[in-house]
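Colleague: If it helps, the file is called entry.cif and holds mmCIF, C-alpha atoms:
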```cif
data_structure
#
loop_
_atom_site.label_atom_id
_atom_site.label_comp_id
_atom_site.auth_asym_id
_atom_site.auth_seq_id
_atom_site.Cartn_x
_atom_site.Cartn_y
_atom_site.Cartn_z
CA MET A 1 0.00 0.00 0.00
CA LEU A 2 1.28 3.48 -0.85
CA ASN A 3 2.45 5.42 2.19
CA THR A 4 0.55 8.73 2.32
CA ASN A 5 1.94 10.13 5.59
CA GLY A 6 3.69 12.95 3.75
CA VAL A 7 0.64 13.91 1.71
CA SER A 8 -1.70 13.92 4.71
CA THR A 9 0.78 15.99 6.74
CA ILE A 10 1.16 18.56 3.96
CA ILE A 11 -2.57 19.00 3.28
CA SER A 12 -3.28 19.33 7.02
CA ASN A 13 -0.88 22.27 7.40
CA LEU A 14 -1.64 25.61 5.74
CA SER A 15 1.97 26.80 5.59
CA LEU A 16 3.03 23.60 3.80
CA VAL A 17 0.13 23.85 1.34
CA ILE A 18 1.04 27.44 0.52
CA SER A 19 4.75 26.64 0.17
CA PHE A 20 4.22 23.69 -2.18
CA CYS A 21 1.75 25.72 -4.29
CA PHE A 22 4.35 28.49 -4.63
CA PHE A 23 6.99 25.92 -5.48
CA ILE A 24 5.00 24.03 -8.13
CA ILE A 25 3.80 27.18 -9.88
CA GLY A 26 7.23 28.79 -9.68
CA TRP A 27 9.08 25.73 -10.94
CA LEU A 28 6.77 25.30 -13.93
CA ILE A 29 7.23 28.95 -14.88
CA ALA A 30 11.01 28.79 -14.38
CA CYS A 31 11.47 25.50 -16.25
CA ILE A 32 9.34 26.39 -19.30
CA SER A 33 10.86 29.86 -19.48
CA ALA A 34 14.37 28.42 -19.23
CA ILE A 35 13.65 26.16 -22.20
CA VAL A 36 12.45 29.12 -24.28
CA PHE A 37 15.32 31.29 -23.09
CA SER A 38 17.95 28.65 -23.90
CA ALA A 39 16.52 28.00 -27.36
CA LYS A 40 16.37 31.65 -28.42
CA ILE A 41 19.40 33.12 -26.71
CA ASP A 42 22.73 31.59 -27.68
CA TYR A 43 25.03 34.34 -26.54
CA TYR A 44 23.82 34.85 -22.99
CA GLY A 45 26.62 33.57 -20.75
CA ASN A 46 26.88 30.10 -19.26
CA LYS A 47 23.43 28.45 -19.18
CA THR A 48 24.71 25.31 -17.38
CA TRP A 49 24.29 27.06 -14.03
CA LEU A 50 20.70 27.94 -14.89
CA TRP A 51 19.80 24.32 -15.56
CA TRP A 52 21.69 23.09 -12.52
CA ILE A 53 19.62 25.33 -10.23
CA THR A 54 16.39 24.34 -12.02
CA ILE A 55 17.13 20.64 -11.46
CA ASN A 56 18.27 21.31 -7.88
CA CYS A 57 14.87 22.86 -7.16
CA ILE A 58 13.15 19.55 -7.90
CA ALA A 59 15.73 17.70 -5.82
CA SER A 60 15.17 20.02 -2.85
CA ALA A 61 11.38 19.57 -3.01
CA CYS A 62 11.85 15.78 -3.04
CA VAL A 63 14.16 16.02 -0.01
CA VAL A 64 11.61 18.13 1.89
CA TYR A 65 8.80 15.70 1.10
CA PHE A 66 10.95 12.72 2.13
CA ILE A 67 11.85 14.37 5.44
CA ILE A 68 8.16 15.04 6.14
CA ASP A 69 7.00 11.60 5.04
CA LYS A 70 9.62 9.68 7.06
CA ASN A 71 9.73 12.15 9.99
CA LEU A 72 13.52 12.52 9.84
CA ILE A 73 13.68 16.17 10.89
CA LYS A 74 15.04 15.36 14.37
CA GLY A 75 18.19 13.76 12.99
CA TYR A 76 18.65 15.84 9.83
CA ARG A 77 17.57 19.34 10.88
CA PHE A 78 21.02 20.94 10.55
CA ALA A 79 21.76 19.30 7.19
CA LEU A 80 18.32 20.26 5.85
CA MET A 81 18.67 23.87 7.02
CA THR A 82 22.08 24.12 5.35
CA TYR A 83 20.80 22.65 2.08
CA LEU A 84 17.69 24.84 2.00
CA GLY A 85 19.78 27.90 2.80
CA LEU A 86 22.12 27.20 -0.13
CA SER A 87 19.21 26.51 -2.48
CA PHE A 88 17.48 29.70 -1.33
CA ASN A 89 20.63 31.69 -2.08
CA TRP A 90 21.06 30.10 -5.54
CA SER A 91 17.47 30.85 -6.52
CA LEU A 92 17.77 34.45 -5.34
CA GLY A 93 20.90 34.74 -7.47
CA LEU A 94 18.90 33.85 -10.57
CA VAL A 95 16.15 36.26 -9.52
CA ASN A 96 18.64 39.11 -9.31
CA GLU A 97 20.23 38.14 -12.64
CA PHE A 98 17.18 37.51 -14.81
CA LEU A 99 14.68 40.07 -13.55
CA HIS A 100 16.95 42.83 -14.83
CA THR A 101 17.30 41.54 -18.40
CA ASN A 102 15.46 42.93 -21.43
CA ILE A 103 14.40 39.43 -22.51
CA SER A 104 10.86 38.40 -21.57
CA SER A 105 11.68 34.69 -21.20
CA GLY A 106 14.58 35.60 -18.92
CA ASN A 107 12.28 37.79 -16.82
CA ALA A 108 9.88 34.83 -16.52
CA VAL A 109 12.75 32.67 -15.23
CA GLY A 110 13.37 35.28 -12.55
CA VAL A 111 9.69 35.38 -11.57
CA GLY A 112 9.57 31.58 -11.31
CA GLN A 113 12.69 31.48 -9.15
CA LEU A 114 11.24 34.23 -6.96
CA LEU A 115 8.19 32.06 -6.22
CA ILE A 116 10.48 29.11 -5.50
CA SER A 117 12.47 31.33 -3.12
CA VAL A 118 9.27 32.07 -1.20
CA ALA A 119 8.69 28.32 -0.83
CA TYR A 120 12.27 27.87 0.44
CA PHE A 121 11.76 30.65 2.97
CA ILE A 122 8.58 29.04 4.34
CA TRP A 123 10.32 25.65 4.60
CA ILE A 124 13.22 27.20 6.50
CA LEU A 125 10.77 28.71 9.00
CA TYR A 126 8.72 25.50 9.19
CA PHE A 127 11.64 23.21 9.98
CA GLY A 128 13.99 25.67 11.66
CA CYS A 129 11.78 27.33 14.30
CA ASP A 130 11.03 25.63 17.62
CA PRO A 131 7.30 24.97 18.17
CA ASP A 132 7.17 27.14 21.29
CA THR A 133 8.29 30.26 19.42
CA ALA A 134 5.88 32.75 17.85
CA VAL A 135 6.95 31.85 14.31
CA GLY A 136 6.90 28.14 15.14
CA LYS A 137 3.30 28.39 16.29
CA ILE A 138 2.32 30.20 13.09
CA THR A 139 3.99 27.68 10.79
CA ASN A 140 2.92 24.76 13.01
CA SER A 141 6.43 23.36 12.79
CA ASN A 142 5.57 20.52 15.17
CA ASN A 143 3.03 18.97 12.81
CA VAL A 144 5.38 16.44 11.25
CA LYS A 145 3.80 13.06 11.89
CA LYS A 146 5.61 10.36 13.75
CA SER A 147 4.96 6.66 13.41
CA VAL A 148 5.14 4.86 16.72
CA PRO A 149 5.92 1.12 16.60
CA ASN A 150 3.57 -1.44 18.07
CA VAL A 151 4.32 -2.33 21.67
CA ASN A 152 3.48 -5.69 23.21
CA SER A 153 2.56 -5.69 26.87
CA GLY A 154 1.53 -9.02 28.36
CA ASN A 155 -1.11 -10.65 26.21
CA ASN A 156 -2.39 -7.35 24.85
CA ASN A 157 -1.07 -5.39 21.90
CA TYR A 158 -1.45 -1.62 22.01
CA SER A 159 -0.42 0.62 19.14
CA LEU A 160 -0.44 4.31 18.37
CA GLN A 161 0.30 5.45 14.82
CA ASN A 162 0.67 8.79 13.08
CA VAL A 163 0.78 10.81 16.30
CA THR A 164 2.52 14.12 16.89
CA THR A 165 4.78 14.74 19.88
CA ASP A 166 4.61 18.13 21.52
CA SER A 167 6.60 18.17 24.79
CA ALA A 168 9.93 17.20 26.32
CA TYR A 169 10.36 14.50 28.92
CA GLN A 170 9.04 15.21 32.43
CA ASN A 171 10.72 13.74 35.53
CA GLU A 172 8.53 11.23 37.34
CA GLN A 173 8.53 11.41 41.13
CA SER A 174 6.92 8.52 42.89
CA ASN A 175 6.99 7.24 46.46
CA ASN A 176 5.62 3.71 46.41
CA THR A 177 5.40 2.73 50.06
CA SER A 178 2.61 0.18 49.75
CA PRO A 179 2.75 -3.12 47.87
CA LYS A 180 -0.92 -2.72 46.97
CA PRO A 181 -1.57 -1.64 43.37
CA THR A 182 -2.66 1.98 42.95
CA ASN A 183 -4.39 3.74 40.13
CA LEU A 184 -2.25 5.61 37.60
CA ARG A 185 -3.24 8.99 36.22
CA ALA A 186 -1.88 10.22 32.88
CA GLU A 187 -2.35 13.49 31.01
CA ALA A 188 -2.34 13.42 27.18
CA LEU A 189 0.16 15.82 25.62
CA PHE A 190 -1.57 15.93 22.21
CA ASP A 191 -4.82 15.19 20.39
CA TYR A 192 -5.11 11.69 18.95
CA THR A 193 -7.79 9.95 16.90
CA ALA A 194 -7.85 6.18 17.28
CA ASN A 195 -7.37 3.87 14.32
CA LYS A 196 -10.81 2.42 13.58
CA GLU A 197 -9.21 -0.85 12.47
CA ASP A 198 -7.51 -1.39 15.84
CA PRO A 199 -9.96 -2.17 18.68
CA ASN A 200 -7.21 -1.59 21.27
CA GLU A 201 -6.82 2.14 20.48
CA ILE A 202 -8.77 4.99 22.05
CA SER A 203 -9.18 8.64 21.08
CA PHE A 204 -8.19 11.43 23.44
CA SER A 205 -7.64 15.20 23.47
CA GLN A 206 -4.67 17.25 24.58
CA GLY A 207 -4.83 17.91 28.31
CA GLU A 208 -7.28 15.07 28.98
CA VAL A 209 -6.56 13.27 32.26
CA MET A 210 -7.17 9.52 32.34
CA ASP A 211 -7.32 7.12 35.28
CA ILE A 212 -5.55 3.92 34.30
CA LEU A 213 -6.82 0.78 36.07
CA ASP A 214 -5.45 -2.01 33.90
CA ASN A 215 -1.91 -3.13 34.87
CA ASN A 216 -1.00 -3.90 31.27
CA VAL A 217 -2.01 -0.39 30.24
CA LYS A 218 0.05 1.00 33.14
CA SER A 219 3.14 -0.74 31.82
CA TYR A 220 2.49 0.53 28.32
CA LEU A 221 1.97 4.13 29.45
CA LEU A 222 5.18 4.01 31.48
CA TYR A 223 6.95 2.92 28.29
CA LEU A 224 5.41 5.85 26.40
CA PHE A 225 6.38 8.21 29.24
CA TYR A 226 10.02 7.17 29.41
CA GLU A 227 10.73 6.41 25.74
CA LEU A 228 8.35 8.43 23.56
CA GLU A 229 7.17 11.33 25.80
CA LEU A 230 3.58 10.90 24.67
CA PHE A 231 2.02 11.16 28.13
CA SER A 232 2.66 13.09 31.30
CA ILE A 233 2.38 10.94 34.42
CA LEU A 234 0.48 12.73 37.21
#
```
Represent the structure from my file as structure tokens, please.

Modeller:
Amino acid sequence: MLNTNGVSTIISNLSLVISFCFFIIGWLIACISAIVFSAKIDYYGNKTWLWWITINCIASACVVYFIIDKNLIKGYRFALMTYLGLSFNWSLGLVNEFLHTNISSGNAVGVGQLLISVAYFIWILYFGCDPDTAVGKITNSNNVKKSVPNVNSGNNNYSLQNVTTDSAYQNEQSNNTSPKPTNLRAEALFDYTANKEDPNEISFSQGEVMDILDNNVKSYLLYLFYELELFSIL
């Protein structure tokens, strides 16, 4: 089955939708105009650099989609920011060069690269800003989906998929002085809609407090607390 995590993440975030619309429109304009420009103008400098940047634009969009689809931003943030920064600078270089020519097809190349530069700028803000900053909240930079593997606890299998993490680890302080089992209370750190195909999953909202009675569920929530920071233990 085709993995659509990247597509669903993009269409659920307005900043990503806008950025990819700018990119697609800009790249089509830049590519078609570059073909016309290269065919008509034989004396205008070295056109290899123009085509290299045009091809690099497609490569950068593929990299961004792959990072979103596979949720690799945590490990590749610095490399992605460096690559997007270089691509942004290259596109702006073409904008500055071609917008000032007297050739209409060259001007169109500049306009297309300008739209692509806007997409680069949005991606840099989306991936580069922490979610607790003002810009991070606007771009919803924490909306990259994360696939959580199935966890077996006892005879029951609990799974959470396509969830978003929102907080750092919290230190658990517990004083267990009695051997008798006690109830466990957990606060959800994000909104989650259960998978209808999995009867073991439940839906919950961010900030919802749950009393956990089942020992198997307690063990599973402790795993989520320590390893995946999906719940806050109260």

Colleague: What is the distance between atom CA of A:Gly110 and atom CA of A:Phe98, in Å to one decimal?

Modeller: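 Going from atom CA of A:Gly110 over to atom CA of A:Phe98 covers 5.0 Å.
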
Colleague: Can you translate the PyMOL selection byres ((chain A and resi 19-21) around 8) into the concrete residues it hits in this file, as JSON, numbers by chain?

Modeller: {"A": [15, 16, 17, 18, 22, 23, 24, 25, 118, 119, 120, 122, 123]}

Colleague: For stretch 73-80 of chain A, work out the shell of residues within 12 Å, counting only C-alpha atoms and skipping chain neighbours fewer than 2 positions away, then give it as a PyMOL selection string.

Modeller: chain A and resi 60-71+82-88+120+123-130+141-146+165

Colleague: For each of A:Ala194, A:Leu114, A:Leu72, A:Leu94, take the minimum atom-to-atom distance to A:Trp49, counting all atoms listed in the file, then give the residue where this is smallest.

Modeller: A:Leu94
